[in-house]
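Visitor: This is the content of structure-v3.txt (compact mmCIF, C-alpha atoms):
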```
# COMPACT_ATOMS: atom_id res chain seq x y z
CA MET A 60 4.62 -9.48 -33.03
CA ALA A 61 1.81 -9.42 -30.47
CA SER A 62 3.76 -11.65 -28.11
CA ASP A 63 5.59 -8.94 -26.15
CA GLU A 64 3.43 -5.91 -26.90
CA VAL A 65 2.92 -3.39 -24.13
CA LYS A 66 -0.29 -1.44 -23.65
CA VAL A 67 -1.32 1.04 -20.99
CA ILE A 68 -5.00 1.66 -20.35
CA GLY A 69 -5.44 5.09 -18.85
CA ALA A 70 -6.47 8.72 -19.13
CA TRP A 71 -4.31 11.80 -19.77
CA ALA A 72 -5.40 13.65 -16.64
CA SER A 73 -4.78 10.86 -14.15
CA PRO A 74 -1.62 11.20 -12.07
CA PHE A 75 -1.73 7.47 -11.34
CA VAL A 76 -1.68 6.70 -15.07
CA MET A 77 1.38 8.92 -15.44
CA ARG A 78 3.38 6.60 -13.22
CA PRO A 79 3.65 3.55 -15.52
CA ARG A 80 4.09 5.85 -18.56
CA ILE A 81 7.07 7.59 -16.99
CA ALA A 82 8.53 4.23 -15.97
CA LEU A 83 8.18 2.84 -19.50
CA ASN A 84 9.72 6.00 -20.94
CA LEU A 85 12.67 5.72 -18.57
CA LYS A 86 13.30 2.18 -19.82
CA SER A 87 12.70 3.22 -23.46
CA VAL A 88 9.92 0.66 -23.81
CA PRO A 89 7.46 1.48 -26.58
CA TYR A 90 3.80 1.06 -25.66
CA GLU A 91 0.34 1.71 -26.99
CA PHE A 92 -1.68 4.16 -24.91
CA LEU A 93 -5.35 3.26 -24.79
CA GLN A 94 -7.27 6.30 -23.62
CA GLU A 95 -10.42 5.65 -21.63
CA SER A 96 -13.32 8.05 -22.18
CA PHE A 97 -14.31 9.99 -19.09
CA GLY A 98 -17.38 8.51 -17.47
CA ALA A 99 -17.45 5.18 -19.36
CA LYS A 100 -15.26 2.12 -18.83
CA SER A 101 -14.10 0.05 -21.80
CA GLU A 102 -14.62 -3.71 -22.13
CA LEU A 103 -10.87 -4.18 -22.06
CA LEU A 104 -10.53 -2.28 -18.78
CA LEU A 105 -13.32 -4.25 -17.11
CA LYS A 106 -11.79 -7.50 -18.35
CA SER A 107 -8.22 -6.61 -17.35
CA ASN A 108 -9.03 -5.21 -13.93
CA PRO A 109 -12.21 -6.96 -12.82
CA VAL A 110 -11.43 -6.47 -9.13
CA HIS A 111 -11.11 -2.67 -9.04
CA LYS A 112 -12.18 -1.64 -12.58
CA LYS A 113 -9.67 1.22 -12.38
CA ILE A 114 -6.90 2.75 -14.44
CA PRO A 115 -4.00 2.42 -14.98
CA VAL A 116 -3.65 -1.13 -16.23
CA LEU A 117 -0.49 -2.31 -17.96
CA ILE A 118 -0.94 -5.17 -20.37
CA HIS A 119 2.27 -6.99 -21.26
CA ALA A 120 2.02 -9.87 -23.72
CA ASP A 121 -1.72 -9.98 -22.97
CA LYS A 122 -1.15 -10.26 -19.20
CA PRO A 123 -2.53 -7.42 -17.06
CA VAL A 124 -0.74 -5.74 -14.15
CA CYS A 125 -2.79 -3.40 -11.94
CA GLU A 126 -2.09 -0.69 -9.33
CA SER A 127 0.24 2.09 -10.44
CA ASN A 128 3.10 1.62 -7.93
CA ILE A 129 3.02 -2.13 -8.46
CA ILE A 130 3.22 -1.55 -12.22
CA VAL A 131 6.28 0.70 -11.75
CA GLU A 132 8.09 -2.03 -9.80
CA TYR A 133 7.08 -4.57 -12.47
CA VAL A 134 8.48 -2.36 -15.25
CA ASP A 135 11.69 -1.84 -13.28
CA GLU A 136 12.14 -5.57 -12.69
CA THR A 137 11.13 -6.73 -16.18
CA TRP A 138 13.26 -4.23 -18.12
CA SER A 139 16.05 -4.12 -15.55
CA ALA A 140 18.70 -4.21 -18.27
CA SER A 141 17.23 -1.23 -20.15
CA GLY A 142 17.96 1.55 -17.69
CA PRO A 143 19.14 2.38 -14.19
CA SER A 144 17.29 0.79 -11.28
CA MET A 145 14.25 2.74 -10.12
CA LEU A 146 14.62 1.54 -6.58
CA PRO A 147 17.63 2.11 -4.32
CA SER A 148 20.18 -0.65 -4.02
CA THR A 149 19.91 -1.45 -0.31
CA PRO A 150 16.88 -3.14 1.29
CA TYR A 151 16.68 -0.39 3.91
CA ASP A 152 16.63 2.44 1.37
CA ARG A 153 14.02 0.51 -0.64
CA ALA A 154 11.87 0.21 2.48
CA ILE A 155 12.13 3.99 2.97
CA ALA A 156 11.16 4.67 -0.66
CA ARG A 157 8.15 2.33 -0.36
CA PHE A 158 7.16 3.93 2.95
CA TRP A 159 6.99 7.43 1.47
CA ALA A 160 5.18 6.22 -1.66
CA ALA A 161 2.54 4.63 0.58
CA TYR A 162 2.31 7.80 2.70
CA ILE A 163 1.80 9.91 -0.43
CA ASP A 164 -1.11 7.73 -1.59
CA GLU A 165 -2.73 7.19 1.82
CA LYS A 166 -2.34 10.62 3.39
CA TRP A 167 -0.79 13.30 1.20
CA PHE A 168 -2.86 13.02 -1.98
CA PRO A 169 -6.23 12.71 -0.20
CA SER A 170 -5.42 15.91 1.70
CA LEU A 171 -4.43 17.67 -1.54
CA LYS A 172 -7.71 16.63 -3.14
CA SER A 173 -9.68 17.95 -0.21
CA ILE A 174 -8.29 21.46 -0.77
CA LEU A 175 -10.21 21.62 -4.04
CA LYS A 176 -13.33 20.25 -2.37
CA ALA A 177 -13.12 22.30 0.84
CA GLU A 178 -16.08 24.49 1.63
CA GLY A 179 -15.58 27.62 3.66
CA GLU A 180 -12.49 29.30 5.05
CA GLU A 181 -12.25 27.14 8.20
CA GLU A 182 -12.18 23.86 6.33
CA LYS A 183 -9.80 25.21 3.71
CA LYS A 184 -7.38 26.42 6.37
CA ALA A 185 -7.42 23.04 8.08
CA VAL A 186 -6.70 21.00 4.95
CA LEU A 187 -4.06 23.45 3.78
CA ALA A 188 -2.28 23.03 7.11
CA GLN A 189 -2.38 19.24 6.61
CA VAL A 190 -0.85 19.47 3.15
CA GLU A 191 1.85 21.87 4.33
CA GLU A 192 2.71 19.50 7.18
CA GLY A 193 2.99 16.71 4.63
CA ASN A 194 5.16 18.83 2.37
CA ALA A 195 7.52 19.56 5.24
CA LEU A 196 7.85 15.82 5.88
CA LEU A 197 8.48 15.19 2.19
CA GLU A 198 11.06 18.00 2.03
CA LYS A 199 13.00 16.27 4.79
CA ALA A 200 12.49 12.89 3.14
CA PHE A 201 13.90 14.29 -0.09
CA ASN A 202 17.02 15.57 1.67
CA ASP A 203 17.49 12.23 3.46
CA CYS A 204 16.88 10.05 0.40
CA SER A 205 18.66 12.08 -2.27
CA LYS A 206 21.83 12.55 -0.18
CA GLY A 207 22.75 15.62 -2.23
CA LYS A 208 21.80 14.10 -5.58
CA PRO A 209 19.14 15.52 -7.93
CA PHE A 210 16.36 12.97 -7.30
CA PHE A 211 14.83 10.98 -4.43
CA ASN A 212 16.41 7.98 -6.15
CA GLY A 213 19.80 9.64 -6.51
CA ASP A 214 21.25 10.38 -9.95
CA HIS A 215 18.19 9.18 -11.84
CA ILE A 216 14.43 9.43 -11.51
CA GLY A 217 13.08 6.46 -9.58
CA TYR A 218 10.08 4.92 -7.88
CA LEU A 219 9.57 7.62 -5.26
CA ASP A 220 10.22 10.50 -7.68
CA ILE A 221 7.50 9.03 -9.89
CA ALA A 222 5.14 8.31 -6.99
CA PHE A 223 5.26 11.95 -5.88
CA GLY A 224 6.10 13.80 -9.09
CA CYS A 225 3.02 12.52 -10.90
CA PHE A 226 0.92 14.86 -8.70
CA LEU A 227 2.80 18.04 -9.62
CA ALA A 228 0.38 19.20 -12.34
CA TRP A 229 -2.58 18.74 -9.97
CA LEU A 230 -0.61 20.49 -7.26
CA ARG A 231 -0.09 23.51 -9.54
CA VAL A 232 -3.81 23.54 -10.41
CA THR A 233 -4.64 23.50 -6.69
CA GLU A 234 -2.20 26.36 -6.04
CA LEU A 235 -3.81 28.42 -8.81
CA ALA A 236 -7.35 27.72 -7.62
CA GLY A 237 -6.54 28.51 -4.00
CA GLY A 238 -4.16 31.39 -4.64
CA HIS A 239 -1.74 29.73 -2.24
CA LYS A 240 1.70 28.33 -3.00
CA LEU A 241 2.33 24.84 -1.68
CA ILE A 242 5.76 23.96 -3.06
CA ASP A 243 8.06 26.95 -3.41
CA GLU A 244 11.62 28.15 -2.85
CA VAL A 245 10.86 29.44 0.63
CA LYS A 246 8.81 26.65 2.23
CA THR A 247 10.26 23.68 0.38
CA PRO A 248 13.48 24.75 -1.36
CA SER A 249 14.75 21.26 -2.18
CA LEU A 250 11.38 20.04 -3.47
CA SER A 251 10.95 23.21 -5.50
CA LYS A 252 14.17 22.55 -7.41
CA TRP A 253 13.43 18.84 -7.68
CA ALA A 254 9.97 19.57 -9.11
CA GLU A 255 11.45 21.60 -11.93
CA ARG A 256 14.05 18.94 -12.72
CA PHE A 257 11.39 16.25 -12.67
CA CYS A 258 8.90 18.06 -14.90
CA ASN A 259 11.57 18.90 -17.46
CA ASP A 260 12.90 15.38 -17.73
CA PRO A 261 12.36 13.92 -21.23
CA ALA A 262 10.68 10.86 -19.75
CA VAL A 263 8.16 13.04 -17.91
CA LYS A 264 7.49 16.01 -20.20
CA PRO A 265 5.46 14.15 -22.85
CA VAL A 266 3.02 12.76 -20.26
CA MET A 267 2.67 15.65 -17.82
CA PRO A 268 -0.35 17.76 -18.76
CA GLU A 269 -0.03 21.54 -19.04
CA THR A 270 -1.32 23.28 -15.90
CA ALA A 271 -3.76 25.43 -17.92
CA THR A 272 -5.24 22.41 -19.73
CA LEU A 273 -5.60 20.53 -16.48
CA ALA A 274 -7.18 23.55 -14.76
CA GLU A 275 -9.85 23.67 -17.49
CA PHE A 276 -10.51 19.98 -17.05
CA ALA A 277 -10.70 20.35 -13.26
CA LYS A 278 -13.31 23.11 -13.64
CA LYS A 279 -15.42 20.77 -15.76
CA ILE A 280 -15.29 17.77 -13.46
CA PHE A 281 -15.71 19.71 -10.22
CA ALA A 282 -18.56 21.64 -11.80
CA LYS A 283 -20.63 18.45 -12.05
CA PRO A 284 -23.38 18.33 -9.43
CA PRO A 285 -22.75 15.83 -6.64
CA ALA A 286 -24.16 12.39 -7.51
CA VAL B 252 35.92 -6.24 10.79
CA ALA B 253 33.67 -7.97 13.28
CA THR B 254 30.28 -8.96 11.89
CA MET B 255 27.61 -6.94 13.62
CA ALA B 256 25.16 -9.15 15.42
CA ASN B 257 21.68 -8.76 14.02
CA GLU B 258 19.60 -6.97 16.62
CA VAL B 259 15.95 -7.21 15.69
CA ILE B 260 13.17 -5.67 17.78
CA LEU B 261 9.49 -5.78 16.86
CA LEU B 262 7.11 -3.24 18.41
CA ASP B 263 3.73 -4.87 18.05
CA PHE B 264 0.29 -5.45 19.56
CA TRP B 265 -0.66 -9.08 20.04
CA PRO B 266 -4.11 -9.07 18.29
CA SER B 267 -2.85 -7.09 15.28
CA MET B 268 -3.24 -9.05 12.04
CA PHE B 269 -0.65 -6.68 10.59
CA GLY B 270 1.91 -7.39 13.30
CA MET B 271 1.28 -11.09 12.72
CA ARG B 272 2.62 -10.73 9.17
CA THR B 273 5.97 -9.51 10.37
CA ARG B 274 6.16 -12.14 13.12
CA ILE B 275 5.53 -14.87 10.55
CA ALA B 276 8.11 -13.50 8.12
CA LEU B 277 10.79 -13.32 10.84
CA ARG B 278 10.03 -16.88 11.91
CA GLU B 279 9.98 -18.18 8.34
CA LYS B 280 13.56 -16.94 8.06
CA GLY B 281 14.56 -18.24 11.48
CA ILE B 282 15.49 -14.78 12.74
CA GLU B 283 15.88 -14.21 16.48
CA PHE B 284 13.93 -11.14 17.52
CA GLU B 285 12.78 -9.33 20.64
CA TYR B 286 9.00 -8.99 20.71
CA ARG B 287 7.64 -5.96 22.58
CA ASP B 288 3.92 -5.62 23.12
CA GLU B 289 2.69 -2.02 23.06
CA ASP B 290 -0.19 -0.53 25.00
CA LEU B 291 -1.90 1.37 22.19
CA TRP B 292 -3.64 3.65 24.70
CA ASN B 293 -0.26 4.55 26.16
CA LYS B 294 2.31 4.33 23.36
CA SER B 295 5.97 3.95 24.29
CA PRO B 296 8.49 6.72 23.57
CA LEU B 297 10.31 4.25 21.31
CA LEU B 298 7.20 3.69 19.19
CA LEU B 299 6.57 7.42 18.86
CA GLU B 300 10.22 8.00 18.01
CA THR B 301 10.53 5.20 15.43
CA ASN B 302 7.20 5.82 13.68
CA PRO B 303 6.60 9.56 14.12
CA VAL B 304 4.53 9.83 10.92
CA HIS B 305 1.85 7.25 11.75
CA LYS B 306 2.58 6.33 15.39
CA LYS B 307 1.40 2.79 14.61
CA ILE B 308 2.55 -0.76 15.11
CA PRO B 309 4.16 -2.86 13.89
CA VAL B 310 7.59 -1.24 13.79
CA LEU B 311 10.58 -3.42 12.93
CA ILE B 312 13.86 -2.09 14.30
CA HIS B 313 16.87 -3.75 12.69
CA ASN B 314 20.23 -2.76 14.16
CA GLY B 315 18.67 0.46 15.38
CA LYS B 316 17.02 1.41 12.07
CA PRO B 317 13.22 1.38 11.92
CA VAL B 318 11.11 -0.05 9.09
CA CYS B 319 7.38 0.77 9.19
CA GLU B 320 4.31 -0.75 7.51
CA SER B 321 3.81 -4.53 7.69
CA THR B 322 3.95 -5.22 3.94
CA ILE B 323 7.11 -3.15 3.64
CA GLN B 324 8.61 -5.03 6.59
CA VAL B 325 7.86 -8.42 5.03
CA GLN B 326 9.51 -7.37 1.75
CA TYR B 327 12.48 -5.96 3.69
CA ILE B 328 12.90 -9.20 5.63
CA ASP B 329 12.71 -11.21 2.39
CA GLU B 330 15.40 -9.03 0.80
CA VAL B 331 17.80 -8.94 3.74
CA TRP B 332 17.55 -12.64 4.59
CA SER B 333 17.31 -13.76 0.99
CA ASP B 334 19.11 -17.07 1.41
CA LYS B 335 16.19 -19.15 2.67
CA ASN B 336 12.41 -19.58 2.43
CA ARG B 337 11.80 -16.91 -0.19
CA ILE B 338 8.55 -15.10 0.51
CA LEU B 339 8.03 -13.24 -2.78
CA PRO B 340 8.13 -15.11 -6.09
CA SER B 341 11.21 -14.56 -8.25
CA ASP B 342 9.28 -13.94 -11.49
CA PRO B 343 8.35 -10.24 -11.95
CA TYR B 344 4.82 -11.01 -13.15
CA GLN B 345 4.15 -13.35 -10.21
CA ARG B 346 5.58 -10.72 -7.87
CA ALA B 347 3.22 -8.10 -9.29
CA GLN B 348 0.29 -10.47 -8.77
CA ALA B 349 1.34 -11.19 -5.18
CA ARG B 350 1.70 -7.47 -4.44
CA PHE B 351 -1.69 -6.82 -6.03
CA TRP B 352 -3.49 -9.28 -3.77
CA VAL B 353 -1.82 -8.04 -0.60
CA ASP B 354 -2.71 -4.50 -1.64
CA PHE B 355 -6.31 -5.70 -2.17
CA ILE B 356 -6.35 -7.17 1.33
CA ASP B 357 -4.99 -3.91 2.75
CA LYS B 358 -7.49 -1.75 0.91
CA LYS B 359 -10.59 -3.78 1.69
CA MET B 360 -10.30 -6.33 4.51
CA TYR B 361 -9.68 -4.16 7.53
CA ASP B 362 -12.67 -1.86 7.05
CA ALA B 363 -15.03 -4.69 6.12
CA GLN B 364 -14.10 -6.90 9.07
CA ARG B 365 -14.33 -3.91 11.41
CA LYS B 366 -17.99 -3.49 10.44
CA VAL B 367 -18.67 -7.16 11.13
CA TRP B 368 -17.72 -7.02 14.82
CA GLY B 369 -17.80 -3.29 15.48
CA THR B 370 -21.18 -2.11 14.25
CA LYS B 371 -24.88 -2.91 14.55
CA GLY B 372 -28.03 -3.04 12.46
CA GLU B 373 -27.89 -2.09 8.79
CA GLU B 374 -24.25 -1.04 8.88
CA GLN B 375 -23.33 -4.45 10.22
CA GLU B 376 -25.44 -6.27 7.63
CA THR B 377 -23.77 -4.34 4.82
CA GLY B 378 -20.37 -5.03 6.38
CA LYS B 379 -21.11 -8.76 6.62
CA LYS B 380 -22.09 -8.96 2.95
CA GLU B 381 -18.97 -7.06 1.90
CA PHE B 382 -16.77 -9.21 4.09
CA ILE B 383 -18.09 -12.52 2.76
CA GLU B 384 -17.79 -11.24 -0.80
CA LEU B 385 -14.15 -10.33 -0.17
CA LEU B 386 -13.43 -13.77 1.23
CA LYS B 387 -15.09 -15.35 -1.81
CA THR B 388 -12.98 -13.24 -4.16
CA LEU B 389 -9.87 -14.40 -2.34
CA GLU B 390 -11.08 -17.99 -2.30
CA SER B 391 -11.59 -17.88 -6.05
CA GLU B 392 -8.08 -16.50 -6.48
CA LEU B 393 -6.74 -19.40 -4.40
CA GLY B 394 -8.48 -21.85 -6.73
CA GLU B 395 -7.25 -25.41 -6.31
CA ASN B 396 -3.85 -24.36 -5.00
CA THR B 397 -2.51 -25.29 -1.60
CA TYR B 398 -1.29 -21.77 -1.04
CA PHE B 399 -1.91 -18.45 -2.78
CA GLY B 400 1.65 -18.73 -4.02
CA GLY B 401 0.93 -22.15 -5.54
CA ASP B 402 2.92 -24.94 -3.97
CA ASP B 403 4.85 -22.63 -1.69
CA PHE B 404 3.73 -20.56 1.27
CA GLY B 405 4.38 -16.92 0.43
CA TYR B 406 3.55 -13.24 0.49
CA VAL B 407 -0.22 -13.40 -0.01
CA ASP B 408 -0.60 -16.25 2.50
CA ILE B 409 1.32 -14.15 5.03
CA GLY B 410 -0.77 -11.10 4.10
CA LEU B 411 -4.07 -12.84 4.83
CA ILE B 412 -3.59 -15.52 7.49
CA GLY B 413 -3.54 -13.17 10.50
CA PHE B 414 -7.23 -12.38 9.90
CA TYR B 415 -7.97 -16.08 10.50
CA SER B 416 -7.28 -15.64 14.22
CA TRP B 417 -10.21 -13.22 14.24
CA PHE B 418 -12.64 -15.52 12.39
CA HIS B 419 -14.31 -16.89 15.53
CA ALA B 420 -14.85 -13.32 16.73
CA TYR B 421 -16.45 -12.43 13.37
CA GLU B 422 -18.66 -15.52 13.57
CA LYS B 423 -19.73 -14.79 17.12
CA TYR B 424 -20.50 -11.08 16.74
CA GLY B 425 -21.47 -11.17 13.08
CA ASN B 426 -23.52 -14.30 13.36
CA LEU B 427 -21.68 -15.84 10.45
CA ASN B 428 -20.60 -19.31 9.44
CA ILE B 429 -17.48 -18.66 7.42
CA GLU B 430 -16.70 -22.32 6.72
CA SER B 431 -20.05 -22.86 5.02
CA GLU B 432 -19.47 -19.79 2.83
CA CYS B 433 -15.80 -20.39 2.06
CA PRO B 434 -14.80 -23.98 2.79
CA LYS B 435 -11.67 -23.86 0.61
CA LEU B 436 -10.43 -20.77 2.38
CA ILE B 437 -10.86 -22.44 5.76
CA ALA B 438 -8.98 -25.48 4.46
CA TRP B 439 -6.19 -23.16 3.30
CA ALA B 440 -6.07 -21.48 6.72
CA LYS B 441 -5.79 -24.83 8.50
CA THR B 442 -2.93 -25.83 6.22
CA CYS B 443 -1.14 -22.57 7.05
CA MET B 444 -1.69 -23.15 10.77
CA GLN B 445 0.37 -26.31 10.49
CA ARG B 446 3.43 -24.19 9.80
CA GLU B 447 5.35 -23.41 12.97
CA SER B 448 5.93 -19.80 11.93
CA VAL B 449 2.16 -19.26 11.68
CA ALA B 450 1.10 -21.27 14.74
CA LYS B 451 3.58 -19.34 16.89
CA SER B 452 2.57 -15.94 15.48
CA LEU B 453 -1.21 -16.07 15.72
CA PRO B 454 -2.95 -15.56 19.05
CA ASP B 455 -5.50 -17.98 20.38
CA SER B 456 -8.98 -17.35 18.89
CA GLU B 457 -10.53 -17.31 22.36
CA LYS B 458 -8.18 -14.55 23.48
CA VAL B 459 -9.15 -12.53 20.40
CA ILE B 460 -12.84 -12.98 21.24
CA GLU B 461 -12.14 -11.72 24.77
CA PHE B 462 -10.32 -8.71 23.32
CA VAL B 463 -13.13 -7.90 20.87
CA THR B 464 -15.68 -8.21 23.69
CA GLU B 465 -13.74 -5.62 25.71
CA ILE B 466 -13.53 -3.25 22.72
CA ARG B 467 -17.25 -3.62 22.03
CA LYS B 468 -17.91 -2.69 25.67
CA LYS B 469 -15.79 0.42 25.20
CA PHE B 470 -17.82 1.34 22.11
CA MET B 471 -21.00 0.50 24.04
CA LEU B 472 -22.04 -2.25 21.67
CA GLU B 473 -22.65 -4.62 24.56
```
Can you dump the structure from the file as C-alpha cells?

Guide:
Amino acid sequence: MASDEVKVIGAWASPFVMRPRIALNLKSVPYEFLQESFGAKSELLLKSNPVHKKIPVLIHADKPVCESNIIVEYVDETWSASGPSMLPSTPYDRAIARFWAAYIDEKWFPSLKSILKAEGEEEKKAVLAQVEEGNALLEKAFNDCSKGKPFFNGDHIGYLDIAFGCFLAWLRVTELAGGHKLIDEVKTPSLSKWAERFCNDPAVKPVMPETATLAEFAKKIFAKPPA
Amino acid sequence: VATMANEVILLDFWPSMFGMRTRIALREKGIEFEYRDEDLWNKSPLLLETNPVHKKIPVLIHNGKPVCESTIQVQYIDEVWSDKNRILPSDPYQRAQARFWVDFIDKKMYDAQRKVWGTKGEEQETGKKEFIELLKTLESELGENTYFGGDDFGYVDIGLIGFYSWFHAYEKYGNLNIESECPKLIAWAKTCMQRESVAKSLPDSEKVIEFVTEIRKKFMLE
C-alpha cells in the first residue's frame, strides 16, 4: 500500500518540523516520521529537497512537498474532508493569517533566536525589546483574528496557530536561559492563555518537546565553537 | 441590498518587481484599480497607516481593507475574483509546487540581484555567480514548458517576470549576458511580455537603468 503513504523527514527539536506533524495529526493522517541525525543529511532528504536541502519535507505517495507553511496548506487542502479547515473561510481573513505567518518567520523568530546568541547586556536588551514589540503585535493580532474564540483560527487550531505555536518550546527555553518572561499573563494575557490551550491540544502534545529536554539540547548545540 | 462597488487602490513604486506582481494579477482579472506611486523617501500617511508593521509597498486596499505582501496579494486576488483566469493551479500538489518556487524567488532573487548592480569587486563577482545559478535553477524548472505553470500563465510566472524589467540593468552594471547563459528563460520572458497584463505592468528597461544609475550615485558606486 505504498501508493498513498505519508512520510515526514525531520528532527524532533525543529519547530518547523512540528508544523506538518501537527497538521497531519489534526487531520488524523498516519505518517512515518523519518528522523534526521544532527549534523548529517540523509540521501532521501538531499533527493527530496535538492534546492534547499532542509527539513521538514513531506513525502506523499513518493512526491515531496517542501517548506513548512506550504506543507501545512497542502495537508489542509489534500485532506480537507478529514477535519475543519486550517485557514479562515474568507479571502481577507486568509490574507491576514498568511501575513502574520510570514511576519513570524521573517522577523519574529530571527529576533527570538538572537536573544540566545546575544553577547553583552546592551545587545541582549535591544533584541529583547524587539521580541517584546513583536509579541505586542501578535497579542493584538490574536485578539483581532480569534474574535473571542480560543485560537487564531477560531474554534479549532489552524495555520497561524501552528505557524506561531511551534516556537513555544523554544520560547520557554529562551525565557529560562535569559531569566526573562516573554509571554505571560501580564504582558500578553490572550497569548498566554492561547499558549496553554495550544500546547495541551492532543494534536500538539505528542510532538512538542519538553522544555527541559530542549534546554539540554540547546546547551549542546550552542556550546559548539563557531564554525 | 446594493452591491458595493469594488474600490481597489494599489500603493506601489514603479520599479518594484514586487509591485509588478500585484499589477499583473489585477490586470489578469480585468479589475479596475487606482495606481498610486509612492515616494519611498517620503512615505505617504496612507502607506504608513495601511502597512504599519513593514511600512513597505505594495499595499493593496480593497474596499478600505489593506492586504500586504505581494505574494499574499496575488493569492487574495485569485481567491476573490475566482471566476476567470485562475492564477494558482487547482490541484493541491501543483499549488504546493507553485508556492515553493515563488518562495524560492522571494528568498534568493532579491539579495542576489542587488549584489549584481549594487556592489563592486569580489562581492559583485560572488553576487553575479549566485544570480546566474539561480536563473539556471529556474530555467531548469521551466524545462520545455511555455510557462512555469505548464500551458497556462500562472503564479510562478507572475512571481518572476517583474525581474525581467531589470535584466538590462543587471547586464549593464554586472557586465553579464543573460541570454547566452539562460536562453530558454529569455524566451519565456518574451512570451510573457506578449500578454497585455504583463506589458502594461512592467516599466521600460531604459527607465529602470536610469533609476539604477541614480541609486548607484547615491551609494557612490559611480

Visitor: Residues of chain B were defined as contacting chain A if any atom lay at most 6 Å from it, counting all atoms listed in the file; please report them as a list in words.

Guide: Ile323, Tyr327 and Pro343 of chain B

Visitor: Between B:Lys468, B:Lys294, B:His313, B:Lys358, single out the one closest to Ile282 in chain B, counting only C-alpha atoms.

Guide: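 For Ile282 in chain B, the nearest of the candidates is B:His313.
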
Visitor: I need the residue nearest Tyr90 in chain A from this list: A:Lys66, A:Lys199, A:Asn212, A:Ser148. Use all atoms listed in the file for the distance.

Guide: A:Lys66

Visitor: Would you mind listing what lies within 9 Å of Leu262 in chain B as a list in words, with all atoms listed in the file counted and same-chain residues fewer than 2 positions away left out?

Guide: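 Skipping anything fewer than 2 positions along the chain leaves Ile260, Phe264, Gly270, Glu285, Tyr286, Arg287, Asp288, Glu289, Leu297, Leu298, Ile308, Pro309, Val310, Leu311 and Ile312 of chain B.
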
Visitor: Rounded to one decimal in Å, what is the spacing between CA of Glu191 in chain A and CA of Trp71 in chain A?

Guide: 26.8 Å

Visitor: Could you work out how far CA of Ala363 in chain B lies from CA of Thr377 in chain B, giving the answer in Å with one decimal?

Guide: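 According to the coordinates, CA of Thr377 in chain B and CA of Ala363 in chain B are separated by 8.8 Å.
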
Visitor: For Phe226 in chain A, find every residue with an atom within 12 Å (counting all atoms listed in the file), except residues of its own chain fewer than 4 positions away, and show them as a PyMOL selection string.

Guide: chain A and resi 72-78+160+163-164+167-169+171-172+219-222+230-233+242+254+257-258+263+266-268+270+273

Visitor: To one decimal place, how far is CA of Pro89 in chain A from CA of Pro147 in chain A in Å?

Guide: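 Straight-line distance from CA of Pro89 in chain A to CA of Pro147 in chain A works out to 24.5 Å.
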
Visitor: For range 213-223 of chain A of the block above, can you save N, CA, C and O atoms as a PDB file, in the first residue's frame?

Guide:
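Listed below is the output, result.pdb:
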```
ATOM      1  N   GLY A 213      -9.980  30.503  15.212  1.00  0.00           N
ATOM      2  CA  GLY A 213     -11.350  30.397  15.698  1.00  0.00           C
ATOM      3  C   GLY A 213     -11.522  29.230  16.660  1.00  0.00           C
ATOM      4  O   GLY A 213     -10.788  29.101  17.640  1.00  0.00           O
ATOM      5  N   ASP A 214     -12.494  28.350  16.353  1.00  0.00           N
ATOM      6  CA  ASP A 214     -12.786  27.236  17.267  1.00  0.00           C
ATOM      7  C   ASP A 214     -11.692  26.180  17.275  1.00  0.00           C
ATOM      8  O   ASP A 214     -11.531  25.452  18.257  1.00  0.00           O
ATOM      9  N   HIS A 215     -10.991  26.053  16.149  1.00  0.00           N
ATOM     10  CA  HIS A 215     -10.000  24.987  16.030  1.00  0.00           C
ATOM     11  C   HIS A 215      -8.626  25.529  15.679  1.00  0.00           C
ATOM     12  O   HIS A 215      -8.509  26.577  15.052  1.00  0.00           O
ATOM     13  N   ILE A 216      -7.610  24.774  16.058  1.00  0.00           N
ATOM     14  CA  ILE A 216      -6.238  25.133  15.702  1.00  0.00           C
ATOM     15  C   ILE A 216      -6.135  25.212  14.178  1.00  0.00           C
ATOM     16  O   ILE A 216      -6.663  24.362  13.462  1.00  0.00           O
ATOM     17  N   GLY A 217      -5.433  26.251  13.706  1.00  0.00           N
ATOM     18  CA  GLY A 217      -5.270  26.409  12.267  1.00  0.00           C
ATOM     19  C   GLY A 217      -3.861  26.821  11.892  1.00  0.00           C
ATOM     20  O   GLY A 217      -2.923  26.750  12.696  1.00  0.00           O
ATOM     21  N   TYR A 218      -3.747  27.259  10.662  1.00  0.00           N
ATOM     22  CA  TYR A 218      -2.477  27.617  10.034  1.00  0.00           C
ATOM     23  C   TYR A 218      -1.640  28.574  10.873  1.00  0.00           C
ATOM     24  O   TYR A 218      -0.446  28.331  11.104  1.00  0.00           O
ATOM     25  N   LEU A 219      -2.250  29.649  11.362  1.00  0.00           N
ATOM     26  CA  LEU A 219      -1.491  30.648  12.102  1.00  0.00           C
ATOM     27  C   LEU A 219      -1.163  30.171  13.519  1.00  0.00           C
ATOM     28  O   LEU A 219      -0.074  30.430  14.025  1.00  0.00           O
ATOM     29  N   ASP A 220      -2.080  29.422  14.127  1.00  0.00           N
ATOM     30  CA  ASP A 220      -1.787  28.836  15.446  1.00  0.00           C
ATOM     31  C   ASP A 220      -0.539  27.964  15.332  1.00  0.00           C
ATOM     32  O   ASP A 220       0.370  28.016  16.151  1.00  0.00           O
ATOM     33  N   ILE A 221      -0.510  27.141  14.274  1.00  0.00           N
ATOM     34  CA  ILE A 221       0.612  26.235  14.058  1.00  0.00           C
ATOM     35  C   ILE A 221       1.888  27.019  13.760  1.00  0.00           C
ATOM     36  O   ILE A 221       2.957  26.721  14.309  1.00  0.00           O
ATOM     37  N   ALA A 222       1.759  28.031  12.893  1.00  0.00           N
ATOM     38  CA  ALA A 222       2.939  28.818  12.485  1.00  0.00           C
ATOM     39  C   ALA A 222       3.615  29.479  13.681  1.00  0.00           C
ATOM     40  O   ALA A 222       4.833  29.603  13.714  1.00  0.00           O
ATOM     41  N   PHE A 223       2.840  29.900  14.661  1.00  0.00           N
ATOM     42  CA  PHE A 223       3.379  30.570  15.835  1.00  0.00           C
ATOM     43  C   PHE A 223       3.626  29.593  16.984  1.00  0.00           C
ATOM     44  O   PHE A 223       4.680  29.593  17.609  1.00  0.00           O
TER      45      PHE A 223
END
```
